[in-house]
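Novice: entry_10.pdb is reproduced in full below (PDB, C-alpha atoms, pLDDT in the B column).
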ATOM      1  CA  MET T1078     129.297  58.587  63.971  1.00 58.00           C
ATOM      2  CA  VAL T1079     132.250  60.449  62.435  1.00 65.00           C
ATOM      3  CA  ALA T1080     134.663  61.975  64.950  1.00 68.00           C
ATOM      4  CA  ALA T1081     134.959  65.754  64.759  1.00 67.00           C
ATOM      5  CA  PRO T1082     138.323  67.486  64.743  1.00 70.00           C
ATOM      6  CA  VAL T1083     139.604  68.375  68.192  1.00 78.00           C
ATOM      7  CA  PHE T1084     137.993  71.538  69.549  1.00 87.00           C
ATOM      8  CA  ASP T1085     138.467  73.207  72.902  1.00 91.00           C
ATOM      9  CA  ASN T1086     136.105  71.938  75.576  1.00 94.00           C
ATOM     10  CA  CYS T1087     137.287  72.890  79.031  1.00 94.00           C
ATOM     11  CA  VAL T1088     135.312  74.302  81.941  1.00 96.00           C
ATOM     12  CA  ILE T1089     136.348  75.468  85.394  1.00 97.00           C
ATOM     13  CA  ILE T1090     133.479  76.361  87.688  1.00 97.00           C
ATOM     14  CA  ALA T1091     133.262  76.885  91.429  1.00 97.00           C
ATOM     15  CA  GLY T1092     130.224  76.666  93.636  1.00 97.00           C
ATOM     16  CA  ARG T1093     128.538  74.723  96.384  1.00 97.00           C
ATOM     17  CA  VAL T1094     127.435  71.117  96.272  1.00 97.00           C
ATOM     18  CA  ALA T1095     123.630  71.374  96.076  1.00 97.00           C
ATOM     19  CA  SER T1096     122.766  67.684  96.391  1.00 92.00           C
ATOM     20  CA  ALA T1097     124.365  64.589  97.840  1.00 89.00           C
ATOM     21  CA  SER T1098     126.228  62.461  95.333  1.00 92.00           C
ATOM     22  CA  GLN T1099     124.514  59.418  93.871  1.00 92.00           C
ATOM     23  CA  ILE T1100     126.582  56.554  92.525  1.00 94.00           C
ATOM     24  CA  ARG T1101     125.841  54.110  89.745  1.00 94.00           C
ATOM     25  CA  TYR T1102     127.958  51.745  87.716  1.00 94.00           C
ATOM     26  CA  SER T1103     128.432  51.646  83.955  1.00 90.00           C
ATOM     27  CA  PRO T1104     127.850  48.329  82.151  1.00 91.00           C
ATOM     28  CA  ALA T1105     131.647  47.885  82.298  1.00 93.00           C
ATOM     29  CA  GLY T1106     131.592  48.298  86.092  1.00 93.00           C
ATOM     30  CA  LEU T1107     132.991  51.843  86.134  1.00 94.00           C
ATOM     31  CA  PRO T1108     131.683  53.834  89.141  1.00 96.00           C
ATOM     32  CA  ILE T1109     129.981  57.121  88.202  1.00 95.00           C
ATOM     33  CA  SER T1110     129.019  59.629  90.884  1.00 96.00           C
ATOM     34  CA  ARG T1111     126.690  62.475  90.051  1.00 96.00           C
ATOM     35  CA  PHE T1112     125.756  65.564  92.013  1.00 97.00           C
ATOM     36  CA  VAL T1113     124.480  69.077  91.394  1.00 97.00           C
ATOM     37  CA  LEU T1114     126.738  72.129  91.665  1.00 97.00           C
ATOM     38  CA  GLU T1115     125.178  75.531  92.366  1.00 97.00           C
ATOM     39  CA  HIS T1116     127.175  78.539  91.141  1.00 97.00           C
ATOM     40  CA  HIS T1117     126.649  82.235  92.022  1.00 96.00           C
ATOM     41  CA  SER T1118     129.044  84.983  90.972  1.00 95.00           C
ATOM     42  CA  ARG T1119     129.330  88.519  89.666  1.00 96.00           C
ATOM     43  CA  GLN T1120     130.619  88.771  86.103  1.00 95.00           C
ATOM     44  CA  VAL T1121     131.149  91.699  83.750  1.00 95.00           C
ATOM     45  CA  GLU T1122     129.544  91.463  80.322  1.00 95.00           C
ATOM     46  CA  ALA T1123     129.843  94.298  77.798  1.00 95.00           C
ATOM     47  CA  ALA T1124     131.197  96.489  80.630  1.00 95.00           C
ATOM     48  CA  ILE T1125     128.034  95.870  82.678  1.00 96.00           C
ATOM     49  CA  PRO T1126     128.160  93.895  85.944  1.00 96.00           C
ATOM     50  CA  ARG T1127     125.672  91.066  86.205  1.00 96.00           C
ATOM     51  CA  GLU T1128     124.822  88.143  88.427  1.00 96.00           C
ATOM     52  CA  ALA T1129     125.674  84.725  87.034  1.00 96.00           C
ATOM     53  CA  CYS T1130     123.743  81.860  88.610  1.00 96.00           C
ATOM     54  CA  CYS T1131     123.292  78.285  87.495  1.00 96.00           C
ATOM     55  CA  ARG T1132     122.817  74.730  88.691  1.00 96.00           C
ATOM     56  CA  ILE T1133     124.576  72.046  86.705  1.00 96.00           C
ATOM     57  CA  GLN T1134     124.970  68.330  87.105  1.00 96.00           C
ATOM     58  CA  VAL T1135     128.521  67.027  87.565  1.00 97.00           C
ATOM     59  CA  LEU T1136     129.621  63.488  86.703  1.00 96.00           C
ATOM     60  CA  ALA T1137     132.720  62.022  88.347  1.00 96.00           C
ATOM     61  CA  CYS T1138     133.800  58.814  86.600  1.00 95.00           C
ATOM     62  CA  GLY T1139     136.359  56.284  87.750  1.00 95.00           C
ATOM     63  CA  LYS T1140     137.066  54.898  91.194  1.00 94.00           C
ATOM     64  CA  PRO T1141     139.231  57.664  92.757  1.00 94.00           C
ATOM     65  CA  LEU T1142     137.152  60.588  91.454  1.00 96.00           C
ATOM     66  CA  ALA T1143     133.804  58.898  92.149  1.00 95.00           C
ATOM     67  CA  GLN T1144     134.882  58.106  95.728  1.00 94.00           C
ATOM     68  CA  ASN T1145     135.950  61.715  96.279  1.00 94.00           C
ATOM     69  CA  ALA T1146     132.594  62.922  94.952  1.00 95.00           C
ATOM     70  CA  GLN T1147     130.763  60.480  97.245  1.00 93.00           C
ATOM     71  CA  ALA T1148     132.422  62.135 100.242  1.00 93.00           C
ATOM     72  CA  LEU T1149     131.120  65.618  99.343  1.00 95.00           C
ATOM     73  CA  THR T1150     128.264  66.923 101.451  1.00 95.00           C
ATOM     74  CA  PRO T1151     125.702  69.540 100.431  1.00 96.00           C
ATOM     75  CA  GLY T1152     127.035  73.023 101.077  1.00 96.00           C
ATOM     76  CA  THR T1153     130.691  72.113 100.456  1.00 96.00           C
ATOM     77  CA  LEU T1154     132.466  74.773  98.393  1.00 97.00           C
ATOM     78  CA  ILE T1155     134.328  73.184  95.461  1.00 97.00           C
ATOM     79  CA  ARG T1156     135.991  73.925  92.128  1.00 97.00           C
ATOM     80  CA  VAL T1157     135.413  71.489  89.281  1.00 98.00           C
ATOM     81  CA  ARG T1158     137.618  71.232  86.201  1.00 98.00           C
ATOM     82  CA  GLY T1159     136.423  69.157  83.293  1.00 97.00           C
ATOM     83  CA  PHE T1160     134.524  69.226  80.012  1.00 96.00           C
ATOM     84  CA  LEU T1161     130.927  69.658  78.878  1.00 94.00           C
ATOM     85  CA  SER T1162     128.791  67.050  77.165  1.00 92.00           C
ATOM     86  CA  ARG T1163     125.116  66.258  76.706  1.00 89.00           C
ATOM     87  CA  ALA T1164     123.313  64.675  79.628  1.00 86.00           C
ATOM     88  CA  ASN T1165     122.128  61.874  77.323  1.00 81.00           C
ATOM     89  CA  HIS T1166     123.188  60.864  73.862  1.00 75.00           C
ATOM     90  CA  ARG T1167     119.651  60.856  72.532  1.00 73.00           C
ATOM     91  CA  TYR T1168     118.937  62.900  69.437  1.00 72.00           C
ATOM     92  CA  GLY T1169     117.919  66.449  70.315  1.00 72.00           C
ATOM     93  CA  GLU T1170     119.183  66.333  73.921  1.00 73.00           C
ATOM     94  CA  THR T1171     120.268  69.831  74.953  1.00 81.00           C
ATOM     95  CA  ARG T1172     120.920  69.580  78.719  1.00 88.00           C
ATOM     96  CA  LEU T1173     124.606  69.820  79.535  1.00 93.00           C
ATOM     97  CA  VAL T1174     126.600  68.158  82.297  1.00 95.00           C
ATOM     98  CA  VAL T1175     130.160  68.705  83.464  1.00 97.00           C
ATOM     99  CA  HIS T1176     132.334  65.613  83.277  1.00 96.00           C
ATOM    100  CA  ALA T1177     134.790  66.249  86.112  1.00 97.00           C
ATOM    101  CA  GLU T1178     138.471  65.601  85.643  1.00 97.00           C
ATOM    102  CA  ARG T1179     139.424  67.238  88.948  1.00 97.00           C
ATOM    103  CA  ILE T1180     137.473  68.301  92.039  1.00 97.00           C
ATOM    104  CA  GLU T1181     139.039  70.621  94.618  1.00 96.00           C
ATOM    105  CA  ILE T1182     137.523  71.466  97.989  1.00 95.00           C
ATOM    106  CA  LEU T1183     137.834  75.210  98.628  1.00 94.00           C
ATOM    107  CA  THR T1184     137.953  77.133 101.861  1.00 87.00           C
ATOM    108  CA  LEU T1185     136.673  80.654 102.225  1.00 72.00           C
ATOM    109  CA  LEU T1186     139.177  83.149 103.495  1.00 64.00           C
ATOM    110  CA  THR T1187     137.609  85.770 105.722  1.00 55.00           C
ATOM    111  CA  GLU T1188     139.226  89.131 106.067  1.00 51.00           C
ATOM    112  CA  THR T1189     139.648  90.611 109.504  1.00 51.00           C
ATOM    113  CA  ARG T1190     139.624  94.354 109.840  1.00 51.00           C
ATOM    114  CA  GLY T1191     141.202  96.107 112.801  1.00 48.00           C
TER     115      GLY T1191
END
Spell out the structure here as structure tokens.
Specialist:
Amino acid sequence: MVAAPVFDNCVIIAGRVASASQIRYSPAGLPISRFVLEHHSRQVEAAIPREACCRIQVLACGKPLAQNAQALTPGTLIRVRGFLSRANHRYGETRLVVHAERIEILTLLTETRG
């Protein structure tokens, strides 16, 4: 396969962990945790507000990141930074996954009104 020139491929998405992380190991022994992130937000498209909702699988590769992902429980609010790739490298595969490079646990700030 010929390598393509470098193109932008960066995603930042926040949401709640929808499923507990599952871990497996690559043939080289690299730990890979995977879980599902559920995202809900309001976005503006062509000056029209709309709901944006999706569920996407996240892969966390390497010991530190995979261990952090293993500790996440369903319902935890997180922000994932990483890149998109196909779920499998089979011909015709169209499902995308986020390969995490950073996972942040978020806390909701609640406003108090007097």
Novice: Distance atom CA of T:Gly1152-atom CA of T:Gly1106, one decimal place?
Specialist: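 That distance, rounded to one decimal, is 29.3 Å.
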Novice: Calculated over only C-alpha atoms, which of the candidates T:Val1175, T:Val1135, T:Ala1124, T:Ile1090 has the smallest distance to T:Gln1147?
Specialist: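 Between T:Val1175, T:Val1135, T:Ala1124, T:Ile1090, the residue approaching T:Gln1147 most closely is T:Val1135.
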Novice: Could you give me, as a ChimeraX atom specification, the residues within 10 Å of T:Lys1140, counting only C-alpha atoms and dropping anything in the same chain fewer than 6 positions from it?
Specialist: /T:1106-1110,1146
Novice: Which distance in Å separates atom CA of T:Thr1153 and atom CA of T:Ile1182, to one decimal?
Specialist: 7.3 Å
Novice: What is the atom CA of T:Ala1095 to atom CA of T:Ala1164 distance in Å?
Specialist: 17.8 Å
Novice: Could you tell me, as number ranges by chain, exactly which residues end up selected when the PyMOL selection byres ((chain T and resi 1156) around 8) is applied to this structure?
Specialist: T: 1089-1092, 1154-1155, 1157-1158, 1180-1183
Novice: Kindly resolve the PyMOL selection byres ((chain T and resi 1176) around 8) on the present coordinates and return the residues as a PyMOL selection string.
Specialist: chain T and resi 1135-1138+1159-1162+1174-1175+1177-1178
Novice: Enclose stretch 1104-1115 of chain T, meaning all of its atoms listed in the file, in a box aligned along x, y and z, pad it by 8 Å on each side, and list the centre and edge lengths in Å to one decimal, as JSON.
Specialist:
{"center_x": 128.7, "center_y": 61.7, "center_z": 87.3, "size_x": 24.5, "size_y": 43.6, "size_z": 26.2}
Novice: Which residues match the PyMOL selection byres ((chain T and resi 1131) around 6) in the file above, as a JSON list (two decimals) with C-alpha atoms, in the frame of the given file?
Specialist:
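Now in selection-v9.json:
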[["chain", "number", "residue", "atom", "x", "y", "z"],
["T", 1115, "GLU", "CA", 125.18, 75.53, 92.37],
["T", 1116, "HIS", "CA", 127.18, 78.54, 91.14],
["T", 1130, "CYS", "CA", 123.74, 81.86, 88.61],
["T", 1132, "ARG", "CA", 122.82, 74.73, 88.69]]
Novice: As a PDB file, keeping the file's coordinate frame, could you write out stretch 1129-1160 of chain T once it has been completed with N, CA and C atoms?
Specialist:
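Listing of selection07.pdb after writing:
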ATOM      1  N   ALA T1129     125.653  85.978  87.789  1.00 96.00           N
ATOM      2  CA  ALA T1129     125.674  84.725  87.034  1.00 96.00           C
ATOM      3  C   ALA T1129     125.308  83.609  88.006  1.00 96.00           C
ATOM      4  N   CYS T1130     124.224  82.933  87.738  1.00 96.00           N
ATOM      5  CA  CYS T1130     123.743  81.860  88.610  1.00 96.00           C
ATOM      6  C   CYS T1130     123.350  80.666  87.747  1.00 96.00           C
ATOM      7  N   CYS T1131     123.729  79.488  88.196  1.00 96.00           N
ATOM      8  CA  CYS T1131     123.292  78.285  87.495  1.00 96.00           C
ATOM      9  C   CYS T1131     123.409  77.084  88.412  1.00 96.00           C
ATOM     10  N   ARG T1132     122.703  76.044  88.057  1.00 96.00           N
ATOM     11  CA  ARG T1132     122.817  74.730  88.691  1.00 96.00           C
ATOM     12  C   ARG T1132     123.131  73.772  87.564  1.00 96.00           C
ATOM     13  N   ILE T1133     124.184  72.976  87.760  1.00 96.00           N
ATOM     14  CA  ILE T1133     124.576  72.046  86.705  1.00 96.00           C
ATOM     15  C   ILE T1133     124.979  70.723  87.322  1.00 96.00           C
ATOM     16  N   GLN T1134     124.617  69.663  86.628  1.00 96.00           N
ATOM     17  CA  GLN T1134     124.970  68.330  87.105  1.00 96.00           C
ATOM     18  C   GLN T1134     126.426  68.043  86.776  1.00 96.00           C
ATOM     19  N   VAL T1135     127.116  67.406  87.734  1.00 97.00           N
ATOM     20  CA  VAL T1135     128.521  67.027  87.565  1.00 97.00           C
ATOM     21  C   VAL T1135     128.613  65.512  87.630  1.00 97.00           C
ATOM     22  N   LEU T1136     129.354  64.918  86.701  1.00 96.00           N
ATOM     23  CA  LEU T1136     129.621  63.488  86.703  1.00 96.00           C
ATOM     24  C   LEU T1136     131.086  63.270  87.025  1.00 96.00           C
ATOM     25  N   ALA T1137     131.352  62.376  87.967  1.00 96.00           N
ATOM     26  CA  ALA T1137     132.720  62.022  88.347  1.00 96.00           C
ATOM     27  C   ALA T1137     132.885  60.531  88.069  1.00 96.00           C
ATOM     28  N   CYS T1138     133.660  60.203  87.044  1.00 95.00           N
ATOM     29  CA  CYS T1138     133.800  58.814  86.600  1.00 95.00           C
ATOM     30  C   CYS T1138     135.146  58.238  87.013  1.00 95.00           C
ATOM     31  N   GLY T1139     135.142  56.964  87.338  1.00 95.00           N
ATOM     32  CA  GLY T1139     136.359  56.284  87.750  1.00 95.00           C
ATOM     33  C   GLY T1139     136.429  56.203  89.259  1.00 95.00           C
ATOM     34  N   LYS T1140     137.078  55.169  89.759  1.00 94.00           N
ATOM     35  CA  LYS T1140     137.066  54.898  91.194  1.00 94.00           C
ATOM     36  C   LYS T1140     137.559  56.051  92.059  1.00 94.00           C
ATOM     37  N   PRO T1141     138.763  56.613  91.839  1.00 94.00           N
ATOM     38  CA  PRO T1141     139.231  57.664  92.757  1.00 94.00           C
ATOM     39  C   PRO T1141     138.341  58.900  92.748  1.00 94.00           C
ATOM     40  N   LEU T1142     137.964  59.375  91.556  1.00 96.00           N
ATOM     41  CA  LEU T1142     137.152  60.588  91.454  1.00 96.00           C
ATOM     42  C   LEU T1142     135.733  60.351  91.977  1.00 96.00           C
ATOM     43  N   ALA T1143     135.152  59.208  91.673  1.00 95.00           N
ATOM     44  CA  ALA T1143     133.804  58.898  92.149  1.00 95.00           C
ATOM     45  C   ALA T1143     133.774  58.790  93.672  1.00 95.00           C
ATOM     46  N   GLN T1144     134.818  58.202  94.266  1.00 94.00           N
ATOM     47  CA  GLN T1144     134.882  58.106  95.728  1.00 94.00           C
ATOM     48  C   GLN T1144     135.007  59.485  96.357  1.00 94.00           C
ATOM     49  N   ASN T1145     135.826  60.348  95.765  1.00 94.00           N
ATOM     50  CA  ASN T1145     135.950  61.715  96.279  1.00 94.00           C
ATOM     51  C   ASN T1145     134.616  62.443  96.203  1.00 94.00           C
ATOM     52  N   ALA T1146     133.896  62.277  95.104  1.00 95.00           N
ATOM     53  CA  ALA T1146     132.594  62.922  94.952  1.00 95.00           C
ATOM     54  C   ALA T1146     131.599  62.381  95.971  1.00 95.00           C
ATOM     55  N   GLN T1147     131.671  61.090  96.261  1.00 93.00           N
ATOM     56  CA  GLN T1147     130.763  60.480  97.245  1.00 93.00           C
ATOM     57  C   GLN T1147     130.934  61.109  98.628  1.00 93.00           C
ATOM     58  N   ALA T1148     132.131  61.572  98.926  1.00 93.00           N
ATOM     59  CA  ALA T1148     132.422  62.135 100.242  1.00 93.00           C
ATOM     60  C   ALA T1148     131.949  63.582 100.385  1.00 93.00           C
ATOM     61  N   LEU T1149     131.561  64.223  99.282  1.00 95.00           N
ATOM     62  CA  LEU T1149     131.120  65.618  99.343  1.00 95.00           C
ATOM     63  C   LEU T1149     129.736  65.717  99.980  1.00 95.00           C
ATOM     64  N   THR T1150     129.567  66.702 100.828  1.00 95.00           N
ATOM     65  CA  THR T1150     128.264  66.923 101.451  1.00 95.00           C
ATOM     66  C   THR T1150     127.660  68.211 100.918  1.00 95.00           C
ATOM     67  N   PRO T1151     126.337  68.303 100.889  1.00 96.00           N
ATOM     68  CA  PRO T1151     125.702  69.540 100.431  1.00 96.00           C
ATOM     69  C   PRO T1151     126.232  70.740 101.208  1.00 96.00           C
ATOM     70  N   GLY T1152     126.505  71.810 100.479  1.00 96.00           N
ATOM     71  CA  GLY T1152     127.035  73.023 101.077  1.00 96.00           C
ATOM     72  C   GLY T1152     128.536  73.159 100.948  1.00 96.00           C
ATOM     73  N   THR T1153     129.239  72.060 100.607  1.00 96.00           N
ATOM     74  CA  THR T1153     130.691  72.113 100.456  1.00 96.00           C
ATOM     75  C   THR T1153     131.054  72.988  99.259  1.00 96.00           C
ATOM     76  N   LEU T1154     132.000  73.895  99.455  1.00 97.00           N
ATOM     77  CA  LEU T1154     132.466  74.773  98.393  1.00 97.00           C
ATOM     78  C   LEU T1154     133.567  74.052  97.620  1.00 97.00           C
ATOM     79  N   ILE T1155     133.382  73.930  96.295  1.00 97.00           N
ATOM     80  CA  ILE T1155     134.328  73.184  95.461  1.00 97.00           C
ATOM     81  C   ILE T1155     134.609  73.919  94.158  1.00 97.00           C
ATOM     82  N   ARG T1156     135.687  73.497  93.490  1.00 97.00           N
ATOM     83  CA  ARG T1156     135.991  73.925  92.128  1.00 97.00           C
ATOM     84  C   ARG T1156     136.108  72.656  91.294  1.00 97.00           C
ATOM     85  N   VAL T1157     135.401  72.644  90.177  1.00 98.00           N
ATOM     86  CA  VAL T1157     135.413  71.489  89.281  1.00 98.00           C
ATOM     87  C   VAL T1157     136.075  71.893  87.970  1.00 98.00           C
ATOM     88  N   ARG T1158     136.997  71.062  87.516  1.00 98.00           N
ATOM     89  CA  ARG T1158     137.618  71.232  86.201  1.00 98.00           C
ATOM     90  C   ARG T1158     137.228  70.019  85.374  1.00 98.00           C
ATOM     91  N   GLY T1159     136.819  70.268  84.143  1.00 97.00           N
ATOM     92  CA  GLY T1159     136.423  69.157  83.293  1.00 97.00           C
ATOM     93  C   GLY T1159     135.973  69.629  81.925  1.00 97.00           C
ATOM     94  N   PHE T1160     135.031  68.880  81.339  1.00 96.00           N
ATOM     95  CA  PHE T1160     134.524  69.226  80.012  1.00 96.00           C
ATOM     96  C   PHE T1160     133.015  69.062  79.988  1.00 96.00           C
TER      97      PHE T1160
END
